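Source file: my_file-v4.csv; contents: CSV, C-alpha atoms.
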```csv
chain,number,residue,atom,x,y,z
A,164,MET,CA,40.9,29.5,-23.3
A,165,TYR,CA,42.2,31.6,-20.4
A,166,PRO,CA,45.3,33.8,-20.2
A,167,THR,CA,47.7,31.2,-18.8
A,168,ALA,CA,49.8,33.3,-16.5
A,169,LEU,CA,46.9,35.1,-14.8
A,170,THR,CA,44.9,31.9,-14.5
A,171,GLN,CA,47.7,30.0,-12.8
A,172,LEU,CA,48.3,32.9,-10.5
A,173,ALA,CA,44.7,33.2,-9.4
A,174,ARG,CA,44.3,29.4,-8.9
A,175,ALA,CA,47.7,28.5,-7.3
A,176,ASN,CA,48.4,31.6,-5.3
A,177,PRO,CA,47.8,30.9,-1.6
A,178,PHE,CA,47.3,34.6,-1.0
A,179,SER,CA,44.5,35.0,-3.4
A,180,ALA,CA,41.4,36.8,-2.3
A,181,PRO,CA,40.2,40.4,-2.1
A,182,LEU,CA,40.2,42.6,0.9
A,183,PHE,CA,36.7,44.0,0.1
A,184,THR,CA,33.9,43.0,-2.1
A,185,LEU,CA,34.8,45.0,-5.2
A,186,GLN,CA,32.5,45.8,-8.1
A,187,LYS,CA,33.2,46.9,-11.6
A,188,VAL,CA,33.6,50.7,-11.9
A,189,GLU,CA,34.7,53.1,-14.6
A,190,GLU,CA,38.4,53.9,-14.5
A,191,PRO,CA,39.0,57.1,-12.7
A,192,SER,CA,40.2,60.2,-14.5
A,193,HIS,CA,43.7,61.3,-13.8
A,194,THR,CA,42.4,64.2,-11.9
A,195,ALA,CA,40.5,62.0,-9.5
A,196,GLY,CA,43.8,60.5,-8.4
A,197,ALA,CA,44.2,58.3,-5.4
A,198,GLN,CA,41.2,59.7,-3.6
A,199,GLY,CA,38.8,58.3,-6.1
A,200,HIS,CA,40.6,54.9,-6.0
A,201,ARG,CA,40.4,54.9,-2.3
A,202,ARG,CA,36.7,55.7,-2.3
A,203,ARG,CA,36.0,52.7,-4.6
A,204,LEU,CA,38.0,50.4,-2.4
A,205,ALA,CA,36.8,51.7,0.9
A,206,ALA,CA,33.2,52.1,-0.1
A,207,ALA,CA,33.4,55.5,1.4
A,208,SER,CA,29.8,56.5,1.0
A,209,VAL,CA,27.7,55.8,4.0
A,210,ALA,CA,25.7,52.7,3.3
A,211,GLU,CA,22.1,52.4,4.6
A,212,GLY,CA,22.2,51.5,8.3
A,213,ASP,CA,25.8,52.5,8.8
A,214,SER,CA,26.7,55.2,11.3
A,215,CYS,CA,29.8,56.5,9.4
A,216,GLU,CA,31.9,56.1,6.2
A,217,PHE,CA,34.3,53.1,5.9
A,218,GLY,CA,37.8,54.5,6.5
A,219,SER,CA,36.6,57.8,8.1
A,220,GLN,CA,38.1,59.2,11.2
A,221,LYS,CA,35.1,58.2,13.3
A,222,TYR,CA,35.5,54.6,11.9
A,223,PHE,CA,39.1,54.4,13.0
A,224,ILE,CA,38.4,55.9,16.5
A,225,LEU,CA,35.6,53.4,17.2
A,226,CYS,CA,37.8,50.5,15.9
A,227,GLY,CA,40.4,51.6,18.4
A,228,PHE,CA,37.9,51.7,21.1
A,229,GLY,CA,36.8,48.2,20.2
A,230,GLY,CA,40.4,47.2,20.5
A,231,ILE,CA,40.6,48.6,24.0
A,232,LEU,CA,37.6,46.7,25.1
A,233,SER,CA,38.5,43.5,23.4
A,234,CYS,CA,42.1,43.3,24.6
A,235,GLY,CA,42.0,45.0,28.0
A,236,THR,CA,39.0,43.1,29.4
A,237,THR,CA,39.9,39.6,28.0
A,238,HIS,CA,43.6,39.7,29.1
A,239,THR,CA,42.6,40.9,32.6
A,240,ALA,CA,40.0,38.2,32.9
A,241,VAL,CA,42.6,35.5,32.4
A,242,VAL,CA,45.3,36.9,34.7
A,243,PRO,CA,45.2,33.9,37.0
A,244,LEU,CA,46.0,31.5,34.1
A,245,ASP,CA,48.6,33.9,32.7
A,246,LEU,CA,50.3,34.1,36.2
A,247,VAL,CA,50.5,30.3,36.4
A,248,LYS,CA,51.8,30.1,32.8
A,249,CYS,CA,54.5,32.7,33.5
A,250,ARG,CA,55.6,30.8,36.6
A,251,LEU,CA,55.7,27.5,34.7
A,252,GLN,CA,58.1,29.2,32.2
A,253,VAL,CA,60.5,30.8,34.8
A,254,ASP,CA,60.5,28.1,37.5
A,255,PRO,CA,59.4,24.7,36.0
A,256,ALA,CA,61.0,22.9,39.0
A,257,LYS,CA,58.6,24.4,41.4
A,258,TYR,CA,55.5,24.8,39.2
A,259,LYS,CA,55.5,21.5,37.4
A,260,SER,CA,52.0,21.7,35.8
A,261,ILE,CA,49.0,24.0,35.5
A,262,ILE,CA,47.2,22.3,38.5
A,263,THR,CA,50.4,22.3,40.6
A,264,GLY,CA,50.9,26.0,39.7
A,265,PHE,CA,47.5,26.9,40.9
A,266,SER,CA,47.7,24.9,44.1
A,267,VAL,CA,51.2,26.3,45.0
A,268,THR,CA,50.1,29.9,44.3
A,269,ILE,CA,47.0,29.6,46.4
A,270,ARG,CA,48.9,27.9,49.2
A,271,GLU,CA,51.5,30.6,49.3
A,272,ASP,CA,49.6,33.7,48.4
A,273,GLY,CA,46.0,32.8,48.9
A,274,VAL,CA,43.2,33.2,46.3
A,275,ARG,CA,44.0,36.9,46.0
A,276,GLY,CA,47.5,36.0,44.8
A,277,LEU,CA,46.0,34.7,41.5
A,278,ALA,CA,45.1,38.3,40.7
A,279,LYS,CA,48.7,39.6,40.9
A,280,GLY,CA,49.5,41.9,38.0
A,281,TRP,CA,46.0,42.7,37.0
A,282,ALA,CA,46.5,46.5,36.9
A,283,PRO,CA,49.5,46.5,34.4
A,284,THR,CA,47.7,43.8,32.4
A,285,PHE,CA,44.6,45.9,32.0
A,286,ILE,CA,46.4,49.2,31.2
A,287,GLY,CA,49.1,47.6,29.0
A,288,TYR,CA,46.8,45.4,26.9
A,289,SER,CA,44.2,48.2,26.6
A,290,MET,CA,46.9,50.4,25.0
A,291,GLN,CA,48.0,47.5,22.9
A,292,GLY,CA,44.4,46.8,21.7
A,293,LEU,CA,44.0,50.4,20.8
A,294,CYS,CA,47.0,50.3,18.5
A,295,LYS,CA,46.6,46.7,17.3
A,296,PHE,CA,43.0,47.0,16.0
A,297,GLY,CA,43.0,50.7,15.2
A,298,PHE,CA,46.3,50.7,13.2
A,299,TYR,CA,45.4,47.4,11.5
A,300,GLU,CA,42.3,49.1,9.9
A,301,VAL,CA,44.5,52.1,8.9
A,302,PHE,CA,47.3,50.0,7.4
A,303,LYS,CA,44.8,47.6,5.7
A,304,ILE,CA,43.3,50.5,3.8
A,305,LEU,CA,46.6,52.2,3.2
A,306,TYR,CA,48.3,49.1,1.7
A,307,SER,CA,45.1,48.3,-0.3
A,308,ASP,CA,45.3,51.8,-1.9
A,309,LEU,CA,48.9,51.1,-2.9
A,310,LEU,CA,48.2,47.7,-4.4
A,311,GLY,CA,45.1,48.6,-6.4
A,312,GLU,CA,41.9,46.5,-6.5
A,313,GLU,CA,43.1,43.5,-8.5
A,314,ASN,CA,46.3,43.0,-6.6
A,315,THR,CA,44.4,43.5,-3.4
A,316,TYR,CA,42.3,40.5,-4.5
A,317,LEU,CA,45.2,38.4,-5.6
A,318,TRP,CA,47.4,39.1,-2.6
A,319,ARG,CA,44.9,39.7,0.1
A,320,THR,CA,46.5,37.5,2.7
A,321,SER,CA,49.9,39.2,2.2
A,322,LEU,CA,48.0,42.4,2.8
A,323,TYR,CA,46.6,41.1,6.0
A,324,LEU,CA,50.0,40.0,7.2
A,325,ALA,CA,51.7,43.3,6.3
A,326,ALA,CA,48.9,45.4,7.9
A,327,SER,CA,48.9,43.4,11.1
A,328,ALA,CA,52.7,43.3,11.4
A,329,SER,CA,52.8,47.1,11.0
A,330,ALA,CA,50.1,47.7,13.6
A,331,GLU,CA,51.7,45.3,16.1
A,332,PHE,CA,55.1,47.1,15.8
A,333,PHE,CA,53.5,50.2,17.4
A,334,ALA,CA,51.2,48.2,19.7
A,335,ASP,CA,54.2,46.5,21.4
A,336,ILE,CA,55.9,49.8,22.1
A,337,ALA,CA,52.8,50.8,24.0
A,338,LEU,CA,52.6,47.5,25.8
A,339,ALA,CA,56.2,47.0,26.8
A,340,PRO,CA,56.4,49.0,30.0
A,341,MET,CA,53.3,47.4,31.5
A,342,GLU,CA,54.3,43.9,30.4
A,343,ALA,CA,57.6,44.4,32.2
A,344,CYS,CA,55.9,45.3,35.4
A,345,LYS,CA,53.4,42.5,35.1
A,346,VAL,CA,56.0,39.8,34.7
A,347,ARG,CA,58.1,41.2,37.5
A,348,ILE,CA,55.1,41.2,39.9
A,349,GLN,CA,54.0,37.7,38.9
A,350,THR,CA,57.3,35.9,38.8
A,351,GLN,CA,59.3,37.5,41.6
A,352,PRO,CA,57.4,36.9,44.9
A,353,GLY,CA,58.1,39.6,47.4
A,354,TYR,CA,59.4,42.1,44.8
A,355,ALA,CA,56.2,44.1,44.6
A,356,ASN,CA,52.5,43.4,44.9
A,357,THR,CA,51.1,46.4,43.0
A,358,LEU,CA,51.9,48.5,40.0
A,359,ARG,CA,52.4,51.5,42.2
A,360,GLU,CA,55.2,49.7,44.0
A,361,CYS,CA,56.7,47.9,41.0
A,362,ALA,CA,57.1,50.8,38.5
A,363,PRO,CA,59.1,53.2,40.7
A,364,LYS,CA,61.2,50.4,42.1
A,365,MET,CA,62.1,49.1,38.6
A,366,TYR,CA,62.9,52.7,37.5
A,367,ALA,CA,65.2,53.3,40.5
A,368,GLU,CA,67.1,50.1,39.9
A,369,GLU,CA,67.5,50.0,36.1
A,370,GLY,CA,66.2,53.3,34.8
A,371,LEU,CA,63.9,53.7,31.8
A,372,TRP,CA,65.6,50.7,30.1
A,373,ALA,CA,63.9,48.4,32.6
A,374,PHE,CA,60.6,49.0,30.8
A,375,TYR,CA,61.8,48.5,27.3
A,376,LYS,CA,64.5,45.9,27.5
A,377,GLY,CA,61.9,43.3,26.6
A,378,VAL,CA,60.5,45.1,23.5
A,379,VAL,CA,62.6,43.2,21.0
A,380,PRO,CA,61.6,39.7,22.2
A,381,LEU,CA,58.1,41.2,22.6
A,382,TRP,CA,58.2,42.0,18.9
A,383,MET,CA,59.4,38.4,18.3
A,384,ARG,CA,56.5,37.1,20.2
A,385,GLN,CA,53.7,39.4,19.3
A,386,ILE,CA,54.3,40.2,15.6
A,387,PRO,CA,54.1,36.6,14.4
A,388,TYR,CA,51.2,36.1,16.9
A,389,THR,CA,49.3,39.1,15.4
A,390,MET,CA,50.1,38.2,11.8
A,391,MET,CA,48.6,34.7,12.4
A,392,LYS,CA,45.7,36.2,14.5
A,393,PHE,CA,44.5,38.5,11.7
A,394,ALA,CA,45.4,36.6,8.6
A,395,CYS,CA,44.1,33.3,9.9
A,396,PHE,CA,41.0,34.9,11.2
A,397,GLU,CA,40.2,36.7,8.0
A,398,ARG,CA,40.8,33.5,5.9
A,399,THR,CA,38.9,31.3,8.3
A,400,VAL,CA,35.8,33.6,8.2
A,401,GLU,CA,35.8,33.4,4.5
A,402,MET,CA,36.1,29.6,4.5
A,403,LEU,CA,33.4,29.2,7.1
A,404,TYR,CA,30.9,31.2,5.0
A,405,LYS,CA,32.0,29.4,1.8
A,406,PHE,CA,32.0,25.8,3.0
A,407,VAL,CA,30.2,25.6,6.4
A,408,VAL,CA,27.5,28.2,6.8
A,409,PRO,CA,24.6,27.1,4.7
A,410,LYS,CA,23.6,30.5,3.6
A,411,PRO,CA,25.3,33.8,2.4
A,412,ARG,CA,26.5,36.2,5.1
A,413,SER,CA,24.0,38.8,3.9
A,414,GLU,CA,21.2,36.4,4.9
A,415,CYS,CA,22.7,35.6,8.3
A,416,SER,CA,21.4,37.4,11.4
A,417,LYS,CA,23.8,39.5,13.5
A,418,PRO,CA,24.0,36.8,16.3
A,419,GLU,CA,24.8,34.2,13.6
A,420,GLN,CA,27.5,36.4,12.1
A,421,LEU,CA,29.0,36.9,15.6
A,422,MET,CA,29.0,33.1,16.2
A,423,VAL,CA,31.0,32.7,13.0
A,424,THR,CA,33.4,35.4,14.3
A,425,PHE,CA,33.8,33.5,17.6
A,426,VAL,CA,34.6,30.2,16.0
A,427,ALA,CA,37.0,31.7,13.5
A,428,GLY,CA,38.7,33.6,16.4
A,429,TYR,CA,39.2,30.4,18.4
A,430,ILE,CA,40.7,28.5,15.4
A,431,ALA,CA,43.1,31.5,14.8
A,432,GLY,CA,44.0,31.6,18.5
A,433,VAL,CA,45.3,28.0,18.6
A,434,PHE,CA,47.7,28.7,15.8
A,435,CYS,CA,48.7,32.1,17.4
A,436,ALA,CA,49.7,30.4,20.6
A,437,ILE,CA,51.9,27.8,18.9
A,438,VAL,CA,53.8,30.3,16.7
A,439,SER,CA,54.5,32.8,19.4
A,440,HIS,CA,55.2,30.6,22.5
A,441,PRO,CA,59.0,30.3,22.3
A,442,ALA,CA,59.3,34.1,22.2
A,443,ASP,CA,56.8,34.3,25.1
A,444,SER,CA,59.0,32.1,27.2
A,445,VAL,CA,62.0,34.3,26.5
A,446,VAL,CA,60.0,37.4,27.5
A,447,SER,CA,58.9,35.9,30.7
A,448,VAL,CA,62.4,34.9,31.8
A,449,LEU,CA,64.0,38.1,30.5
A,450,ASN,CA,61.7,40.4,32.5
A,451,LYS,CA,62.4,38.3,35.6
A,452,GLU,CA,66.2,38.3,35.5
A,453,LYS,CA,68.3,41.5,35.7
A,454,GLY,CA,71.0,42.0,33.2
A,455,SER,CA,70.1,39.1,30.9
A,456,THR,CA,69.8,39.3,27.1
A,457,ALA,CA,67.4,37.5,24.9
A,458,ALA,CA,70.2,35.4,23.4
A,459,GLN,CA,71.4,34.4,26.9
A,460,VAL,CA,67.9,33.4,28.0
A,461,LEU,CA,67.3,31.4,24.8
A,462,LYS,CA,70.5,29.5,25.3
A,463,LYS,CA,69.6,28.8,28.9
A,464,LEU,CA,66.1,27.5,28.1
A,465,GLY,CA,67.2,25.3,25.3
A,466,PRO,CA,65.0,23.8,22.5
A,467,MET,CA,62.7,22.0,24.9
A,468,GLY,CA,62.5,24.7,27.6
A,469,VAL,CA,61.0,27.3,25.3
A,470,TRP,CA,57.9,25.1,25.0
A,471,LYS,CA,57.1,24.9,28.7
A,472,GLY,CA,53.6,26.0,29.5
A,473,LEU,CA,52.4,25.6,25.9
A,474,PHE,CA,49.2,23.8,26.8
A,475,ALA,CA,48.2,26.5,29.2
A,476,ARG,CA,48.9,29.1,26.6
A,477,ILE,CA,46.8,27.3,24.0
A,478,ILE,CA,43.8,27.3,26.3
A,479,MET,CA,44.4,30.9,27.3
A,480,ILE,CA,45.2,32.3,23.8
A,481,GLY,CA,42.5,30.3,22.0
A,482,THR,CA,39.8,31.6,24.4
A,483,LEU,CA,41.3,35.1,24.4
A,484,THR,CA,41.5,35.4,20.6
A,485,ALA,CA,37.9,34.1,20.2
A,486,LEU,CA,36.6,36.5,22.8
A,487,GLN,CA,38.6,39.4,21.4
A,488,TRP,CA,37.2,39.0,17.9
A,489,PHE,CA,33.7,38.5,19.3
A,490,ILE,CA,33.9,41.7,21.4
A,491,TYR,CA,35.5,43.7,18.6
A,492,ASP,CA,32.9,42.6,16.1
A,493,SER,CA,30.1,43.3,18.6
A,494,VAL,CA,31.4,46.8,19.0
A,495,LYS,CA,31.2,47.3,15.3
A,496,VAL,CA,27.7,45.9,15.3
A,497,TYR,CA,26.6,48.1,18.3
A,498,PHE,CA,28.0,51.3,16.7
A,499,ARG,CA,26.7,50.3,13.3
A,500,LEU,CA,30.2,50.5,11.7
A,501,PRO,CA,30.7,49.2,8.1
A,502,ARG,CA,31.5,45.5,8.1
A,503,PRO,CA,32.5,44.4,4.5
A,504,PRO,CA,31.2,41.0,3.5
A,505,PRO,CA,33.5,38.1,2.5
A,506,PRO,CA,35.6,38.9,-0.6
A,507,GLU,CA,34.7,38.3,-4.2
A,508,MET,CA,36.8,38.6,-7.4
A,509,PRO,CA,36.7,42.0,-9.1
A,510,GLU,CA,34.8,42.1,-12.4
A,511,SER,CA,37.8,43.5,-14.1
A,512,LEU,CA,39.9,40.5,-13.1
A,513,LYS,CA,37.1,38.1,-14.1
A,514,LYS,CA,37.3,39.6,-17.6
A,515,LYS,CA,41.0,39.2,-17.8
A,516,LEU,CA,40.7,35.6,-16.8
A,517,GLY,CA,38.0,35.0,-19.3
A,518,LEU,CA,35.5,34.1,-16.6
A,519,THR,CA,32.8,36.5,-17.9
A,520,GLU,CA,31.7,37.3,-21.4
```
Conversion result in C-alpha cells:
Amino acid sequence: MYPTALTQLARANPFSAPLFTLQKVEEPSHTAGAQGHRRRLAAASVAEGDSCEFGSQKYFILCGFGGILSCGTTHTAVVPLDLVKCRLQVDPAKYKSIITGFSVTIREDGVRGLAKGWAPTFIGYSMQGLCKFGFYEVFKILYSDLLGEENTYLWRTSLYLAASASAEFFADIALAPMEACKVRIQTQPGYANTLRECAPKMYAEEGLWAFYKGVVPLWMRQIPYTMMKFACFERTVEMLYKFVVPKPRSECSKPEQLMVTFVAGYIAGVFCAIVSHPADSVVSVLNKEKGSTAAQVLKKLGPMGVWKGLFARIIMIGTLTALQWFIYDSVKVYFRLPRPPPPEMPESLKKKLGLTE
C-alpha cells in the first residue's frame, strides 16, 4: 500500500520530525533559488502579532540577547553550588560531600566566600549564551535550507544536534578565558579573590595560553552537553504536547506554554549533566594545576574520580537548564518573536507515503 523504503524510514528513524510546521507549496521556479526555499521553511513573512520575520537580523539579535540573559543570570545565581562542586572535584579528601563542602567553605571564607568567581561566571556565561542561542538559531536555519523540507522533517534531531554542536564550538571559545579565571579563583584559596587580581596574574605566569589551555576539554564537556540540551529539549517539548498536554499548543495560553518549556528544560538538564560530567571534572582539575594536560588529569582521576560531584551537578544543571529555556522563551514572548509550533509532516511527504489521497 505504501512505498516500502520511505515508510520504513519515516516509522523507524529515531531522528524523524520536522524543524518547522511545513505546509504544501508550489515548487519554486529555478530563478527563485535558495531564497524562495528559505522563505518557505522560515516562514519569513511577518505573522500577525510577531514583531519581526523569522530568520531576520532582528530575530537573531534578540535571540542572542535572550541567550545572554538566560545563561549569564542563571549561572551567576548558582555560583555557590558551582564553587562547592568544583572543590569536590579537585579536592575530594577535604570536601567529601555537598554539605561538607558548604560548611568548610563558610568556616574558612565566611558566607561571602560562596560568591567567589561570580564576575568571571557572569561575563563568561553571558558571552557563551550569546553565541550558544544566537548561533543555534542561525545554524538551524542554515542546515535546514541545505537539507530541504522533507529531509528536515525526517532528520530533524540530527539537525538539532548539528546546529547546537556548531554553535557551542564558537560559544566555548568565548567562554574559555573567564572559565579559566573562575576555576582558578574557586579552587586555589589565596591565589586571587577577584577577576581583576586573577586575570593579570595568570597572564604574567603562563601567558595567553593560560586562558585557552582548557578549551579542548571545554569542548569535550560543553558540546555533548549542548547537543543533549537542545535536541532533548526540542523532542521533549514535542512529546509533551503530543502525549501530556490535553490540548494543542495553539490553544494553550502563554503561561501554559512557558510551563511546558520549563518542564522540558529540566528533563533535558538531567541528561545534560550526566553526559558532560566526566569532561567537567577534567576541566576543573586542569584549570587548577599548572602544566597538566587533559590526558594526564584523566589518568590521575581514574574511571571513578571523574564522576565525583555528579549529584551536585545534576541539581545545578537540571535547574539551570530549565530556567535558561524558561528565560529564553520568555524573551521571545516579550519581544513577540516568531515561535514555530511543534512539527508536522510536510504534505509532499504524506503524498509520497500514501497517507493522503
**Report entry** Distance criterion (all atoms listed in the file): nearest to Pro509 (chain A) out of A:Trp372, A:Tyr316, A:Phe406, A:Phe332
**Finding:** A:Tyr316
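Counting from CA of Arg398 (chain A), the distance to CA of Gly428 (chain A) is 10.7 Å.
Restricting the calculation to all atoms listed in the file, the smallest distance between His238 (chain A) and any of A:Asp443, A:Glu342, A:Glu312, A:Glu216 is found for A:Glu342.
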Determine, using all atoms listed in the file, which residues of region 289-379 of chain A have any atom at most 12 Å from an atom of region 511-520 of chain A, and tabulate each with its shortest atom pair and distance in Å to one decimal place, rows ordered by chain and then rising number, as a tab-separated table.
```
residue	atom	partner	partner_atom	distance
A:Gly311	CA	A:Leu512	CA	11.7
A:Glu312	CA	A:Leu512	CA	9.1
A:Glu313	CA	A:Leu512	CA	6.4
A:Asn314	CA	A:Leu512	CA	9.5
A:Thr315	CA	A:Leu512	CA	11.1
A:Tyr316	CA	A:Leu512	CA	8.9
A:Leu317	CA	A:Leu512	CA	9.4
```
Query - Distance criterion (all atoms listed in the file): nearest to Val242 (chain A) out of A:Ser329, A:Thr389, A:Thr484, A:Gln349 - result: A:Gln349
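Straight-line separation from CA of Ala373 (chain A) to CA of Ala343 (chain A): 7.5 Å.
Selection around (52.5, 26.9, 18.5) with radius 12 Å, counting all atoms listed in the file, yields the residues Arg384, Pro387, Tyr388, Met391, Ala431, Gly432, Val433, Phe434, Cys435, Ala436, Ile437, Val438, Ser439, His440, Pro441, Ala442, Asp443, Val469, Trp470, Lys471, Gly472, Leu473, Phe474, Ala475, Arg476, Ile477, Ile478, Ile480 and Gly481 of chain A.
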Requested in this report: Name the residues, using the chain letters and numbers of the file, that sit within 12 Å of (51.1, 41.0, 6.1) when counting all atoms listed in the file, and give them as a PyMOL selection string.
Outcome: chain A and resi 178+299+302-303+306-307+315+318-331+386-395+397
Leaving out Gly287 (chain A) and any residue of its chain fewer than 6 positions from it, which residues lie within 9 Å of it when counting only C-alpha atoms, given as an mmCIF file with C-alpha atoms, keeping the file's coordinate frame?
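File part-v7.cif, as written:
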```
data_model
loop_
_atom_site.group_PDB
_atom_site.id
_atom_site.type_symbol
_atom_site.label_atom_id
_atom_site.label_comp_id
_atom_site.auth_asym_id
_atom_site.auth_seq_id
_atom_site.Cartn_x
_atom_site.Cartn_y
_atom_site.Cartn_z
ATOM 1 C CA GLY A 235 42.000 45.000 28.000
ATOM 2 C CA ALA A 337 52.800 50.800 24.000
ATOM 3 C CA LEU A 338 52.600 47.500 25.800
ATOM 4 C CA ALA A 339 56.200 47.000 26.800
ATOM 5 C CA PRO A 340 56.400 49.000 30.000
ATOM 6 C CA MET A 341 53.300 47.400 31.500
ATOM 7 C CA GLU A 342 54.300 43.900 30.400
#
```
**Report entry** Residue neighbourhood region 419-426 of chain A, 12 Å, all atoms listed in the file, exclusion window fewer than 3 positions, as an NGL selection string
**Finding:** :A and (393 or 395-405 or 407-416 or 429-433 or 481-497 or 502 or 504-505)
Would you export the selected residues with C-alpha atoms as a compact mmCIF listing (two decimals), in the coordinates of the input, please?
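part-v5.txt was written with the following content:
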```txt
# COMPACT_ATOMS: atom_id res chain seq x y z
CA PHE A 393 44.50 38.50 11.70
CA CYS A 395 44.10 33.30 9.90
CA PHE A 396 41.00 34.90 11.20
CA GLU A 397 40.20 36.70 8.00
CA ARG A 398 40.80 33.50 5.90
CA THR A 399 38.90 31.30 8.30
CA VAL A 400 35.80 33.60 8.20
CA GLU A 401 35.80 33.40 4.50
CA MET A 402 36.10 29.60 4.50
CA LEU A 403 33.40 29.20 7.10
CA TYR A 404 30.90 31.20 5.00
CA LYS A 405 32.00 29.40 1.80
CA VAL A 407 30.20 25.60 6.40
CA VAL A 408 27.50 28.20 6.80
CA PRO A 409 24.60 27.10 4.70
CA LYS A 410 23.60 30.50 3.60
CA PRO A 411 25.30 33.80 2.40
CA ARG A 412 26.50 36.20 5.10
CA SER A 413 24.00 38.80 3.90
CA GLU A 414 21.20 36.40 4.90
CA CYS A 415 22.70 35.60 8.30
CA SER A 416 21.40 37.40 11.40
CA TYR A 429 39.20 30.40 18.40
CA ILE A 430 40.70 28.50 15.40
CA ALA A 431 43.10 31.50 14.80
CA GLY A 432 44.00 31.60 18.50
CA VAL A 433 45.30 28.00 18.60
CA GLY A 481 42.50 30.30 22.00
CA THR A 482 39.80 31.60 24.40
CA LEU A 483 41.30 35.10 24.40
CA THR A 484 41.50 35.40 20.60
CA ALA A 485 37.90 34.10 20.20
CA LEU A 486 36.60 36.50 22.80
CA GLN A 487 38.60 39.40 21.40
CA TRP A 488 37.20 39.00 17.90
CA PHE A 489 33.70 38.50 19.30
CA ILE A 490 33.90 41.70 21.40
CA TYR A 491 35.50 43.70 18.60
CA ASP A 492 32.90 42.60 16.10
CA SER A 493 30.10 43.30 18.60
CA VAL A 494 31.40 46.80 19.00
CA LYS A 495 31.20 47.30 15.30
CA VAL A 496 27.70 45.90 15.30
CA TYR A 497 26.60 48.10 18.30
CA ARG A 502 31.50 45.50 8.10
CA PRO A 504 31.20 41.00 3.50
CA PRO A 505 33.50 38.10 2.50
```
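Closest to Leu293 (chain A) among A:Gln252, A:Phe223, A:Arg270, A:Gly264 is A:Phe223, based on all atoms listed in the file.
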So that I can see what lies close to Pro352 (chain A), please list as a CSV table (one decimal) with C-alpha atoms, keeping the file's coordinate frame the residues with an atom at most 10 Å from it, counting only C-alpha atoms and leaving out residues fewer than 3 positions away in the same chain.
```
chain,number,residue,atom,x,y,z
A,271,GLU,CA,51.5,30.6,49.3
A,272,ASP,CA,49.6,33.7,48.4
A,276,GLY,CA,47.5,36.0,44.8
A,279,LYS,CA,48.7,39.6,40.9
A,347,ARG,CA,58.1,41.2,37.5
A,348,ILE,CA,55.1,41.2,39.9
A,349,GLN,CA,54.0,37.7,38.9
A,355,ALA,CA,56.2,44.1,44.6
A,356,ASN,CA,52.5,43.4,44.9
```
